[in-house]
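Trainee: Pasting a structure below so you can have a look.
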Amino acid sequence: MKPFEAFVVGVVGTGAMGRGIAQLFAQSGHAVRLFDAAPGAAQAACAAVSDTLGKQVDKGKLARDAFEATMGRMSPVGALGELAGCDLVIEAIVENLDVKKRLFVELEAVAGPDALLVTNTSSLSVTAIAAACSDPARVAGYHFFNPVPLMKVVEVIRGARTSAATADALVALTRRTGHAPVVAQDTPGFLINHAGRGYGTEALKLVAEGVADVPTVDRVMREQVVFNGAGFRLGPFELLDLTGLDVSHPVMESIYRQFYEEPRFRPSALAAQRVAGGLLGRKTGEGFYRYENGTAVAVPEAAPVSTGPAPFARVWAAPGPRQAALRELVTALGATVDDASQPRADSLVLLAPLGLDATAACADAGLPAERTVAVDTLFPFAAKACKRRVLMATPATDPTLAQAARSLLAADGARVSLVRDSAGFVAQRIVAMVVAVACEIAQQRIASPADIDLAVRLGLGYPTGPLSMGDTLGAATVAAVLEGMHASTGDPRYRPSPWMRRRARLGLSLLHAD
Ligand SMILES: NC(=O)c1ccc[n+]([C@@H]2O[C@H](COP(=O)([O-])OP(=O)(O)OC[C@H]3O[C@@H](n4cnc5c(N)ncnc54)[C@H](O)[C@@H]3O)[C@@H](O)[C@H]2O)c1
């Protein structure tokens, strides 16, 4: 095989993706030939790249010589036959299996016998595309993300008959571009779109169950969850509105069907109904939020209802690993701790359940449900050390007392969400599902644990990889949240993966490969 730096790259289909891919390889020093079936489209793609890079030259971010050298390497061609001699041909045409198969048959006839033929498909089977070729070993998926120059991760997809040499060559070539290659098996959603299913589907489930409303779920995910000092940049519904439910919901349906109705991916009736109603998101001016001039109309957050004098004299924190921290918190917030072994009749009872809902935690300990409120202590909750705390009431909790608890826990300026009972509050459930899906990807050996974490961080912009999230919270804790949801709903979507259970039992990292 030729040295990688001398590889000539062909790009077929020069729309949004093809032009970005062409730019990336030209900037990395490769000669790139661009072909598109639409007359003038390849020239337009070169002009668009020239325009983008020209602006960088004007701003002093790119040297003029580098710009000219890059543009000198990009040549539009008028016929597929002119890709003869390319060492790598990247297909980025319309997302249609039959059209792609026909193109690959033609590419095999045009390209030399050693050329690698790859597809940028997001949702089609690489194995099915490769089946059209007489040598499927040199066919692979090569999945870039939009915009290609900025999204610095690429999935190298191994079809059932892709050779290890083909995958290795793509990994080495990708490294030369500065993008991070991750290798994944040809499975529905590949790695990143598969891993991304947990966040939105569990958020939709929480809203459908009535645990919290849309703005609350988004606020909790942006403000309560912290990994490596950062949270999720967008709440799940903000993300769904940005992508457009007409795009996200069919992806959820497709992945669910392709995995033969795996309950973890079950789409939401709530989303289907909103698609039917045209509430697609930013693009239609209304989705989960309303948009005016492209900006979401803010939904004000209700302040804790003022209840006059607190309807409790003291605060009793349940025994357990969080008792001392909860007592410290209530003291810092100006309340008096009830340190008796059982709560006094006029005490507010605070619980910190893990894997149980407030009702079960309260009933198991024989505590008075009407005086009980649960606090999510899995994410930072200390005084002056968090943006948001999340409380949960049992159905029997006195609403006045719950509001008073909310006021108390907001006394240091933190925002407080009060949600309905659910094993795992809001954030624990969504994060647990994100971790559960990643563990299943690792269990099925679709990708290595390290690649799963890297790909999700770079491709989905999460504050850290999902397996690292699980390690930070503790695999046993995440499994307990899932088991709690499984027990309280009977829904198999919450069953923890064997990958997670084994590592939890053995005290190993979720990143520990077999
Ligand atoms: N847009 C994204 O965010 C994204 C992300 C990852 C992967 N993809 C995948 O990349 C591929 C291209 O997507 P896009 O968004 O760039 O599409 P696009 O519509 O912007 O561009 C497709 C281009 O392919 C050309 N074309 C269509 N059929 C052709 C053929 N038979 N031969 C040659 N050229 C042909 C069209 O003229 C067009 O210029 C699809 O498979 C898509 O699923 C898209």
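We label chains A, B, ... in the order they appear in the structure tokens, count residues from 1 in each chain, and number ligands from 1 in the order shown.
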Would you pick out the contacts of Gln403 of chain A at 12 Å or less, using only C-alpha atoms, so that residues sharing its chain but fewer than 4 positions from it are not included, and give the list as a count of residues only?
Mentor: 29
Trainee: Within 7 Å of ligand 1, which residues show up when you count only C-alpha atoms and all ligand atoms? List them as an NGL selection string, please.
Mentor: :A and (12-18 or 35-38 or 41 or 92-95 or 99-100 or 103 or 120-123 or 143-146)
Trainee: Create the file for the chosen residues now, containing N, CA, C and O atoms and written as an mmCIF file, in the first residue's frame.
Mentor:
```
data_model
loop_
_atom_site.group_PDB
_atom_site.id
_atom_site.type_symbol
_atom_site.label_atom_id
_atom_site.label_comp_id
_atom_site.auth_asym_id
_atom_site.auth_seq_id
_atom_site.Cartn_x
_atom_site.Cartn_y
_atom_site.Cartn_z
ATOM 1 N N VAL A 12 -17.422 11.638 -3.446
ATOM 2 C CA VAL A 12 -18.598 11.599 -4.329
ATOM 3 C C VAL A 12 -19.801 12.107 -3.549
ATOM 4 O O VAL A 12 -20.136 11.559 -2.489
ATOM 5 N N GLY A 13 -20.406 13.163 -4.076
ATOM 6 C CA GLY A 13 -21.504 13.829 -3.362
ATOM 7 C C GLY A 13 -20.882 14.965 -2.580
ATOM 8 O O GLY A 13 -20.168 14.744 -1.594
ATOM 9 N N THR A 14 -21.104 16.190 -3.062
ATOM 10 C CA THR A 14 -20.365 17.321 -2.473
ATOM 11 C C THR A 14 -21.326 18.310 -1.820
ATOM 12 O O THR A 14 -21.193 19.512 -1.939
ATOM 13 N N GLY A 15 -22.332 17.746 -1.130
ATOM 14 C CA GLY A 15 -23.270 18.581 -0.375
ATOM 15 C C GLY A 15 -22.648 18.986 0.949
ATOM 16 O O GLY A 15 -21.426 19.157 1.064
ATOM 17 N N ALA A 16 -23.507 19.118 1.972
ATOM 18 C CA ALA A 16 -23.051 19.595 3.286
ATOM 19 C C ALA A 16 -21.869 18.765 3.800
ATOM 20 O O ALA A 16 -20.872 19.307 4.280
ATOM 21 N N MET A 17 -21.963 17.442 3.679
ATOM 22 C CA MET A 17 -20.925 16.583 4.252
ATOM 23 C C MET A 17 -19.714 16.455 3.338
ATOM 24 O O MET A 17 -18.568 16.580 3.776
ATOM 25 N N GLY A 18 -19.970 16.197 2.054
ATOM 26 C CA GLY A 18 -18.880 15.952 1.111
ATOM 27 C C GLY A 18 -17.894 17.113 1.055
ATOM 28 O O GLY A 18 -16.672 16.920 1.055
ATOM 29 N N PHE A 35 -16.547 14.819 -7.015
ATOM 30 C CA PHE A 35 -17.544 14.547 -8.054
ATOM 31 C C PHE A 35 -18.945 14.600 -7.455
ATOM 32 O O PHE A 35 -19.183 14.106 -6.357
ATOM 33 N N ASP A 36 -19.853 15.221 -8.232
ATOM 34 C CA ASP A 36 -21.265 15.234 -7.818
ATOM 35 C C ASP A 36 -22.109 15.042 -9.070
ATOM 36 O O ASP A 36 -21.756 15.546 -10.143
ATOM 37 N N ALA A 37 -23.226 14.323 -8.931
ATOM 38 C CA ALA A 37 -24.083 14.062 -10.086
ATOM 39 C C ALA A 37 -24.750 15.347 -10.588
ATOM 40 O O ALA A 37 -25.075 15.456 -11.770
ATOM 41 N N ALA A 38 -24.950 16.312 -9.701
ATOM 42 C CA ALA A 38 -25.610 17.551 -10.131
ATOM 43 C C ALA A 38 -24.575 18.446 -10.824
ATOM 44 O O ALA A 38 -23.525 18.721 -10.241
ATOM 45 N N ALA A 41 -22.183 21.204 -9.129
ATOM 46 C CA ALA A 41 -22.198 21.090 -7.657
ATOM 47 C C ALA A 41 -20.778 20.943 -7.094
ATOM 48 O O ALA A 41 -20.472 21.506 -6.032
ATOM 49 N N ALA A 92 -20.636 10.405 -0.137
ATOM 50 C CA ALA A 92 -21.509 11.218 0.733
ATOM 51 C C ALA A 92 -22.690 11.706 -0.098
ATOM 52 O O ALA A 92 -22.956 12.910 -0.186
ATOM 53 N N ILE A 93 -23.378 10.742 -0.745
ATOM 54 C CA ILE A 93 -24.524 11.115 -1.587
ATOM 55 C C ILE A 93 -25.804 10.923 -0.792
ATOM 56 O O ILE A 93 -25.778 10.712 0.418
ATOM 57 N N VAL A 94 -26.917 10.959 -1.518
ATOM 58 C CA VAL A 94 -28.229 10.847 -0.879
ATOM 59 C C VAL A 94 -28.333 9.543 -0.043
ATOM 60 O O VAL A 94 -27.748 8.524 -0.412
ATOM 61 N N GLU A 95 -29.090 9.631 1.087
ATOM 62 C CA GLU A 95 -29.209 8.490 2.021
ATOM 63 C C GLU A 95 -30.260 7.502 1.494
ATOM 64 O O GLU A 95 -31.401 7.455 1.989
ATOM 65 N N VAL A 99 -29.546 3.523 -4.245
ATOM 66 C CA VAL A 99 -28.699 4.472 -4.983
ATOM 67 C C VAL A 99 -27.239 4.282 -4.553
ATOM 68 O O VAL A 99 -26.320 4.273 -5.383
ATOM 69 N N LYS A 100 -27.027 4.086 -3.270
ATOM 70 C CA LYS A 100 -25.650 3.906 -2.792
ATOM 71 C C LYS A 100 -25.068 2.600 -3.347
ATOM 72 O O LYS A 100 -23.919 2.555 -3.773
ATOM 73 N N LEU A 103 -23.980 3.030 -6.867
ATOM 74 C CA LEU A 103 -22.742 3.818 -6.941
ATOM 75 C C LEU A 103 -21.525 2.956 -6.593
ATOM 76 O O LEU A 103 -20.491 3.026 -7.269
ATOM 77 N N ASN A 120 -20.327 7.432 3.972
ATOM 78 C CA ASN A 120 -20.586 8.306 5.124
ATOM 79 C C ASN A 120 -22.019 8.131 5.635
ATOM 80 O O ASN A 120 -22.527 8.982 6.365
ATOM 81 N N THR A 121 -22.664 7.034 5.266
ATOM 82 C CA THR A 121 -24.064 6.850 5.699
ATOM 83 C C THR A 121 -24.216 6.997 7.220
ATOM 84 O O THR A 121 -23.341 6.589 7.977
ATOM 85 N N SER A 122 -25.358 7.566 7.634
ATOM 86 C CA SER A 122 -25.650 7.694 9.074
ATOM 87 C C SER A 122 -26.494 6.538 9.554
ATOM 88 O O SER A 122 -26.457 6.196 10.731
ATOM 89 N N SER A 123 -27.330 5.992 8.673
ATOM 90 C CA SER A 123 -28.359 5.077 9.169
ATOM 91 C C SER A 123 -28.487 3.788 8.380
ATOM 92 O O SER A 123 -29.227 2.904 8.795
ATOM 93 N N HIS A 143 -17.977 7.515 9.127
ATOM 94 C CA HIS A 143 -19.082 8.394 9.516
ATOM 95 C C HIS A 143 -18.580 9.677 10.160
ATOM 96 O O HIS A 143 -18.122 9.669 11.305
ATOM 97 N N PHE A 144 -18.692 10.763 9.395
ATOM 98 C CA PHE A 144 -18.313 12.098 9.889
ATOM 99 C C PHE A 144 -19.555 12.787 10.446
ATOM 100 O O PHE A 144 -20.685 12.391 10.175
ATOM 101 N N PHE A 145 -19.329 13.855 11.192
ATOM 102 C CA PHE A 145 -20.436 14.612 11.790
ATOM 103 C C PHE A 145 -20.392 16.045 11.266
ATOM 104 O O PHE A 145 -19.346 16.537 10.844
ATOM 105 N N ASN A 146 -21.518 16.676 11.269
ATOM 106 C CA ASN A 146 -21.691 17.997 10.678
ATOM 107 C C ASN A 146 -21.543 19.087 11.745
ATOM 108 O O ASN A 146 -22.186 18.957 12.792
#
```
Trainee: Identify, with DSSP run on backbone atoms, the residues in segment 41-201 of chain A assigned to strand (DSSP E), and express the list as number ranges by chain.
Mentor: A: 74-76, 88-91, 116-119, 139-143, 153-158, 180-185
Trainee: Restricting the calculation to only C-alpha atoms: of A:Leu83, A:Leu270, A:Arg290, A:Gln185, which residue gets closest to Ala203 of chain A?
Mentor: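 Nearest to Ala203 of chain A: A:Leu270.
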Trainee: Quick one: residues within 12 Å of Phe265 of chain A, only C-alpha atoms counted, chain neighbours fewer than 6 positions away excluded, as a PyMOL selection string?
Mentor: chain A and resi 188-189+193-202+204-205+249-259+433-434+436-437+440+492-494
Trainee: Just list the residues in segment 347-409 of chain A DSSP gives alpha helix (DSSP H) on the backbone, as a ChimeraX atom specification.
Mentor: /A:358-364,399-409
Trainee: Using only C-alpha atoms, which residues sit within 12 Å of Val478 of chain A once same-chain residues fewer than 4 positions away are excluded, as a PyMOL selection string?
Mentor: chain A and resi 354-356+378+423-424+427-437+439+466-474+482-485+494-497+500-501+503-504+510
